[in-house]
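What follows is input13.pdb (PDB, C-alpha atoms).
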MODEL        1
ATOM      1  CA  SER A   1     -12.908  -4.385   5.483
ATOM      2  CA  HIS A   2     -11.345  -3.475   8.820
ATOM      3  CA  PHE A   3     -11.384   0.238   8.061
ATOM      4  CA  GLY A   4     -14.607   0.425   6.069
ATOM      5  CA  SER A   5     -14.959   0.942   2.383
ATOM      6  CA  SER A   6     -15.926   4.607   2.764
ATOM      7  CA  LEU A   7     -12.301   5.556   3.436
ATOM      8  CA  PHE A   8     -11.398   4.265   0.005
ATOM      9  CA  GLY A   9     -14.423   5.368  -1.986
ATOM     10  CA  ARG A  10     -12.213   7.474  -4.238
ATOM     11  CA  LEU A  11      -9.445   5.643  -6.037
ATOM     12  CA  ASP A  12      -7.080   7.295  -8.484
ATOM     13  CA  ARG A  13      -6.272   4.930 -11.316
ATOM     14  CA  GLY A  14      -2.983   5.231 -13.175
ATOM     15  CA  SER A  15       0.796   5.307 -12.818
ATOM     16  CA  TRP A  16       1.445   6.712  -9.380
ATOM     17  CA  PHE A  17       4.712   4.822  -8.933
ATOM     18  CA  GLN A  18       6.755   4.978 -12.089
ATOM     19  CA  ASP A  19      10.340   3.944 -12.756
ATOM     20  CA  SER A  20      12.644   6.894 -13.145
ATOM     21  CA  SER A  21      16.138   6.904 -14.595
ATOM     22  CA  CYS A  22      17.248   5.360 -11.316
ATOM     23  CA  PRO A  23      15.623   1.910 -11.001
ATOM     24  CA  GLN A  24      15.450   2.226  -7.211
ATOM     25  CA  LEU A  25      13.201   5.275  -7.245
ATOM     26  CA  PHE A  26       9.495   5.510  -7.935
ATOM     27  CA  LEU A  27       8.042   8.920  -8.724
ATOM     28  CA  GLN A  28       4.519  10.225  -8.653
ATOM     29  CA  THR A  29       2.908  11.138 -11.961
ATOM     30  CA  ALA A  30      -0.432  12.891 -12.046
ATOM     31  CA  THR A  31      -3.506  11.116 -13.333
ATOM     32  CA  SER A  32      -7.153  11.994 -13.374
ATOM     33  CA  GLY A  33      -9.278  10.916 -10.424
ATOM     34  CA  LEU A  34     -12.030   8.375 -10.775
ATOM     35  CA  ASP A  35     -14.986   8.114  -8.439
ATOM     36  CA  LEU A  36     -15.861   4.502  -7.783
ATOM     37  CA  PRO A  37     -18.836   3.064  -5.912
ATOM     38  CA  THR A  38     -18.263   2.634  -2.203
ATOM     39  CA  ALA A  39     -19.446  -0.989  -2.333
ATOM     40  CA  MET A  40     -16.937  -3.335  -0.792
ATOM     41  CA  ALA A  41     -14.493  -5.060  -3.119
ATOM     42  CA  PRO A  42     -14.074  -8.831  -2.895
ATOM     43  CA  PRO A  43     -12.061  -9.828   0.213
ATOM     44  CA  MET A  44      -8.445 -10.873  -0.211
ATOM     45  CA  THR A  45      -8.244 -14.659  -0.650
ATOM     46  CA  MET A  46      -5.688 -14.990  -3.474
ATOM     47  CA  LEU A  47      -2.771 -13.473  -1.559
ATOM     48  CA  MET A  48      -1.483 -14.015   1.950
ATOM     49  CA  VAL A  49      -0.315 -10.606   3.149
ATOM     50  CA  ASP A  50       2.126 -10.140   6.034
ATOM     51  CA  PRO A  51       1.467  -7.969   7.959
ATOM     52  CA  GLU A  52      -2.251  -8.157   7.276
ATOM     53  CA  ASP A  53      -3.590  -5.039   8.984
ATOM     54  CA  THR A  54      -0.936  -2.485  10.033
ATOM     55  CA  LEU A  55       2.447  -1.369   8.702
ATOM     56  CA  ALA A  56       4.446  -0.342  11.779
ATOM     57  CA  PHE A  57       7.497   1.841  11.139
ATOM     58  CA  SER A  58      10.143   2.514  13.791
ATOM     59  CA  ARG A  59      11.336   6.102  13.943
ATOM     60  CA  PRO A  60      15.123   5.919  13.382
ATOM     61  CA  ALA A  61      17.520   7.340  15.968
ATOM     62  CA  GLN A  62      18.897   9.710  13.333
ATOM     63  CA  THR A  63      16.123  12.001  12.162
ATOM     64  CA  ALA A  64      17.594  12.276   8.646
ATOM     65  CA  SER A  65      17.331   8.515   8.076
ATOM     66  CA  PRO A  66      14.332   6.868   6.391
ATOM     67  CA  ALA A  67      12.328   4.074   8.012
ATOM     68  CA  SER A  68      11.637   0.884   6.078
ATOM     69  CA  ARG A  69       9.181  -1.972   6.304
ATOM     70  CA  VAL A  70       8.771  -5.171   4.311
ATOM     71  CA  LEU A  71       5.359  -6.275   3.075
ATOM     72  CA  LYS A  72       5.405  -9.964   2.128
ATOM     73  CA  LEU A  73       2.930 -11.195  -0.480
ATOM     74  CA  THR A  74       2.377 -14.921  -1.111
ATOM     75  CA  ASN A  75       0.200 -16.380  -3.859
ATOM     76  CA  VAL A  76      -2.188 -18.943  -2.348
ATOM     77  CA  HIS A  77      -4.357 -19.077  -5.491
ATOM     78  CA  SER A  78      -4.422 -21.946  -7.996
ATOM     79  CA  GLY A  79      -2.943 -19.808 -10.790
ATOM     80  CA  ASN A  80      -1.052 -16.587 -11.510
ATOM     81  CA  VAL A  81      -1.991 -13.524  -9.487
ATOM     82  CA  ALA A  82      -1.112  -9.928 -10.345
ATOM     83  CA  PHE A  83      -0.684  -7.524  -7.433
ATOM     84  CA  LYS A  84      -0.540  -3.782  -7.011
ATOM     85  CA  VAL A  85       0.301  -1.666  -3.952
ATOM     86  CA  LYS A  86      -1.245   1.798  -3.550
ATOM     87  CA  THR A  87      -0.990   4.472  -0.878
ATOM     88  CA  THR A  88      -2.807   7.642   0.131
ATOM     89  CA  ALA A  89       0.570   9.429   0.480
ATOM     90  CA  PRO A  90       2.677   8.662  -2.633
ATOM     91  CA  LYS A  91       5.190  11.453  -1.946
ATOM     92  CA  ALA A  92       5.959  10.041   1.490
ATOM     93  CA  TYR A  93       7.058   6.557   0.398
ATOM     94  CA  LEU A  94       9.290   4.670  -1.974
ATOM     95  CA  VAL A  95       7.692   1.337  -2.878
ATOM     96  CA  ARG A  96       9.521  -1.398  -4.764
ATOM     97  CA  PRO A  97       8.077  -3.253  -6.470
ATOM     98  CA  SER A  98       4.714  -1.496  -6.537
ATOM     99  CA  LEU A  99       3.212  -4.084  -8.883
ATOM    100  CA  GLY A 100       4.038  -7.497 -10.292
ATOM    101  CA  THR A 101       2.812 -11.031 -10.898
ATOM    102  CA  LEU A 102       3.226 -14.112  -8.717
ATOM    103  CA  ARG A 103       3.035 -17.709  -9.865
ATOM    104  CA  GLN A 104       1.134 -20.269  -7.821
ATOM    105  CA  GLY A 105       2.895 -20.632  -4.459
ATOM    106  CA  GLY A 106       5.287 -17.775  -5.250
ATOM    107  CA  SER A 107       6.033 -14.891  -2.926
ATOM    108  CA  THR A 108       7.740 -11.511  -2.999
ATOM    109  CA  GLU A 109       8.858  -8.922  -0.487
ATOM    110  CA  VAL A 110       7.719  -5.373  -1.173
ATOM    111  CA  GLN A 111      10.052  -2.841   0.403
ATOM    112  CA  ILE A 112       8.263   0.257   1.663
ATOM    113  CA  ILE A 113      10.474   3.179   2.693
ATOM    114  CA  LEU A 114       9.013   6.056   4.680
ATOM    115  CA  GLN A 115      10.845   9.287   3.917
ATOM    116  CA  PRO A 116      12.199  11.361   6.865
ATOM    117  CA  SER A 117      10.232  14.425   5.764
ATOM    118  CA  ALA A 118       6.982  12.459   6.154
ATOM    119  CA  MET A 119       7.567  11.342   9.747
ATOM    120  CA  ASP A 120       5.153  13.550  11.639
ATOM    121  CA  ASP A 121       1.763  13.445  13.334
ATOM    122  CA  SER A 122       0.003  12.890  10.005
ATOM    123  CA  THR A 123       1.802   9.599   9.340
ATOM    124  CA  SER A 124      -0.831   7.623  11.244
ATOM    125  CA  SER A 125      -3.479   8.841   8.788
ATOM    126  CA  HIS A 126      -1.698   7.210   5.836
ATOM    127  CA  ARG A 127      -3.195   4.076   4.326
ATOM    128  CA  PHE A 128      -2.031   1.339   1.972
ATOM    129  CA  LEU A 129      -4.132  -0.786  -0.345
ATOM    130  CA  VAL A 130      -3.036  -4.147  -1.744
ATOM    131  CA  GLN A 131      -4.947  -5.223  -4.857
ATOM    132  CA  ALA A 132      -4.877  -8.681  -6.449
ATOM    133  CA  VAL A 133      -6.428 -10.187  -9.563
ATOM    134  CA  ALA A 134      -6.207 -13.644 -11.142
ATOM    135  CA  VAL A 135      -4.475 -13.575 -14.544
ATOM    136  CA  GLU A 136      -3.271 -16.043 -17.159
ATOM    137  CA  GLN A 137      -0.193 -14.134 -18.281
ATOM    138  CA  GLU A 138       2.956 -13.610 -16.224
ATOM    139  CA  THR A 139       3.461  -9.976 -17.222
ATOM    140  CA  VAL A 140       0.814  -7.402 -16.297
ATOM    141  CA  THR A 141       1.284  -3.709 -17.114
ATOM    142  CA  ARG A 142      -0.309  -0.648 -15.542
ATOM    143  CA  GLU A 143      -2.424  -0.328 -18.652
ATOM    144  CA  ASP A 144      -3.699  -3.873 -18.108
ATOM    145  CA  TRP A 145      -4.858  -2.932 -14.617
ATOM    146  CA  GLY A 146      -7.151  -0.326 -16.099
ATOM    147  CA  LYS A 147      -8.939  -3.047 -18.078
ATOM    148  CA  PHE A 148      -9.725  -5.425 -15.206
ATOM    149  CA  PRO A 149     -13.361  -5.380 -14.022
ATOM    150  CA  SER A 150     -13.562  -3.933 -10.518
ATOM    151  CA  THR A 151     -15.548  -6.979  -9.406
ATOM    152  CA  SER A 152     -12.562  -9.234 -10.165
ATOM    153  CA  ILE A 153     -10.059  -7.226  -8.093
ATOM    154  CA  GLN A 154      -9.589  -8.265  -4.476
ATOM    155  CA  GLU A 155      -8.443  -5.697  -1.934
ATOM    156  CA  LEU A 156      -6.821  -5.518   1.482
ATOM    157  CA  ARG A 157      -6.359  -2.247   3.358
ATOM    158  CA  LEU A 158      -3.553  -1.555   5.810
ATOM    159  CA  ALA A 159      -3.078   1.218   8.336
ATOM    160  CA  VAL A 160       0.246   2.898   9.095
ATOM    161  CA  LYS A 161       1.731   3.347  12.548
ATOM    162  CA  LEU A 162       4.903   5.262  13.453
ATOM    163  CA  GLU A 163       6.571   4.039  16.642
ATOM    164  CA  ASP A 164       9.319   5.660  18.665
ATOM    165  CA  GLN A 165      12.317   3.684  19.852
ATOM    166  CA  ASP A 166      13.557   3.682  23.438
ATOM    167  CA  MET A 167      17.247   3.859  24.185
ATOM    168  CA  ASP A 168      17.402   0.049  24.272
ATOM    169  CA  GLY A 169      15.985  -0.134  20.739
ATOM    170  CA  SER A 170      12.535  -1.381  21.692
ATOM    171  CA  ARG A 171       9.552   0.156  19.948
ATOM    172  CA  GLN A 172       6.982   2.298  21.692
ATOM    173  CA  ALA A 173       3.671   3.044  19.990
ATOM    174  CA  PRO A 174       2.590   6.703  20.072
ATOM    175  CA  GLU A 175      -0.629   7.717  21.781
ATOM    176  CA  ASN A 176      -2.144   8.745  18.465
ATOM    177  CA  SER A 177      -2.228   5.251  16.984
ATOM    178  CA  ALA A 178      -3.304   4.316  13.484
ATOM    179  CA  SER A 179      -6.379   2.563  14.802
ATOM    180  CA  GLY A 180      -7.440   5.713  16.586
ATOM    181  CA  ALA A 181      -6.979   7.736  13.427
ATOM    182  CA  ALA A 182      -9.096   5.244  11.512
ATOM    183  CA  ARG A 183     -11.917   5.497  14.035
ATOM    184  CA  THR A 184     -11.882   9.296  13.894
ATOM    185  CA  GLY A 185     -11.930   9.431  10.123
ATOM    186  CA  GLY A 186      -8.190   9.306   9.395
ATOM    187  CA  ALA A 187      -7.535  10.004   5.735
ATOM    188  CA  GLY A 188     -11.185   9.703   4.862
ATOM    189  CA  GLY A 189     -12.018  13.322   5.555
ATOM    190  CA  ALA A 190     -15.431  14.839   5.987
ATOM    191  CA  GLY A 191     -16.606  13.446   2.688
ATOM    192  CA  GLY A 192     -15.785   9.872   3.641
ATOM    193  CA  LYS A 193     -13.350   9.560   0.719
ATOM    194  CA  SER A 194      -9.618   9.248   0.373
ATOM    195  CA  ASP A 195      -7.163   9.576  -2.527
ATOM    196  CA  LEU A 196      -5.418   6.253  -3.001
ATOM    197  CA  LYS A 197      -2.581   6.403  -5.459
ATOM    198  CA  GLY A 198      -0.581   3.590  -6.887
TER     199      GLY A 198
ENDMDL
END

Full structure transcribed into structure tokens:
Amino acid sequence: SHFGSSLFGRLDRGSWFQDSSCPQLFLQTATSGLDLPTAMAPPMTMLMVDPEDTLAFSRPAQTASPASRVLKLTNVHSGNVAFKVKTTAPKAYLVRPSLGTLRQGGSTEVQIILQPSAMDDSTSSHRFLVQAVAVEQETVTREDWGKFPSTSIQELRLAVKLEDQDMDGSRQAPENSASGAARTGGAGGAGGKSDLKG
């Protein structure tokens, strides 16, 4: 992994993005934490992920407006693939869809919306995790994800970067970049672990 498995040694399993009464919103629901071994998960080969390393958000001109980014997932496997998107900062983002299933050759665009209240210096410490697993069925529930062996789940980690816009609309990366945060520990903390929720 680009960021090292130690940053994601602690994964919280359960429904961190759950449909509310409004189908466009996903709310956090508490679940118990689960310590998993820090051994690296299988590399991502079943899905083509775009972007593949960093989600770059542009700070909107109006501070009260959210920033959005599209994460495109394409199934390059020979069969159905279930996917799940997790984040270390579930209260900071709306993610739709946060999980689903893709047929062979199918693709989907995951819309990730960064809330205005979360646009600060800590944004560059946020992380996303894309998980994928080969399945036979076309419908996979959150409960099903809890039954998959960890050795069968492929993972890809993405950093987050918040960029400022110049007057002409071009993006300028801040000095405190996501890559710098990753090298200095980022969301991993002193214990080398991070809470990934999704």

Chain and number of each residue from the PyMOL selection byres ((chain A and resi 94-96) around 6), as an NGL selection string: :A and (93 or 97-98 or 110-113)

Nearest candidate to A:Ala159 (options A:Ser58, A:Glu138, A:Val76, A:Ser124; using all atoms listed in the file):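 Going through A:Ser58, A:Glu138, A:Val76, A:Ser124 one by one, the smallest distance to A:Ala159 is for A:Ser124.
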
Explicit residues for the PyMOL selection byres ((chain A and resi 42-54) around 10) (as a PyMOL selection string): chain A and resi 1-3+39-41+55-57+69-83+102+104-107+109+127-128+130-134+150-161+178-179

Answer key for the PyMOL selection byres ((chain A and resi 60) around 12), residues as JSON, numbers by chain: {"A": [57, 58, 59, 61, 62, 63, 64, 65, 66, 67, 68, 113, 114, 115, 116, 119, 162, 163, 164, 165, 166, 167, 169, 170, 171]}

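Nearest-residue note for A:Ala118: choosing from A:Val135, A:Lys91, A:Thr101, A:Gly146, the minimum distance belongs to A:Lys91, counting all atoms listed in the file.
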
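Across the structure, atom CA of A:Pro90 and atom CA of A:Asp120 are spaced 15.3 Å apart.
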
Distance of atom CA of A:Glu143 from atom CA of A:Thr88, expressed in Å to one decimal place: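 Spanning atom CA of A:Thr88 to atom CA of A:Glu143 is a straight-line distance of 20.4 Å.
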
Residue nearest A:Arg103 among A:Leu129, A:Asp144, A:Glu136, A:Ser117 (counting all atoms listed in the file):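 Of all the options, A:Glu136 lies closest to A:Arg103.
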
Atomic distance atom CA of A:Gly100 - atom CA of A:Thr139, expressed in Å with one decimal: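 So the answer is 7.4 Å.
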
Axis-aligned box for all listed atoms of stretch 42-53 of chain A, 4 Å per side, centre and edges in Å to one decimal, as AutoDock Vina command-line options:
--center_x -6.0 --center_y -10.0 --center_z 2.8 --size_x 24.2 --size_y 18.0 --size_z 20.5
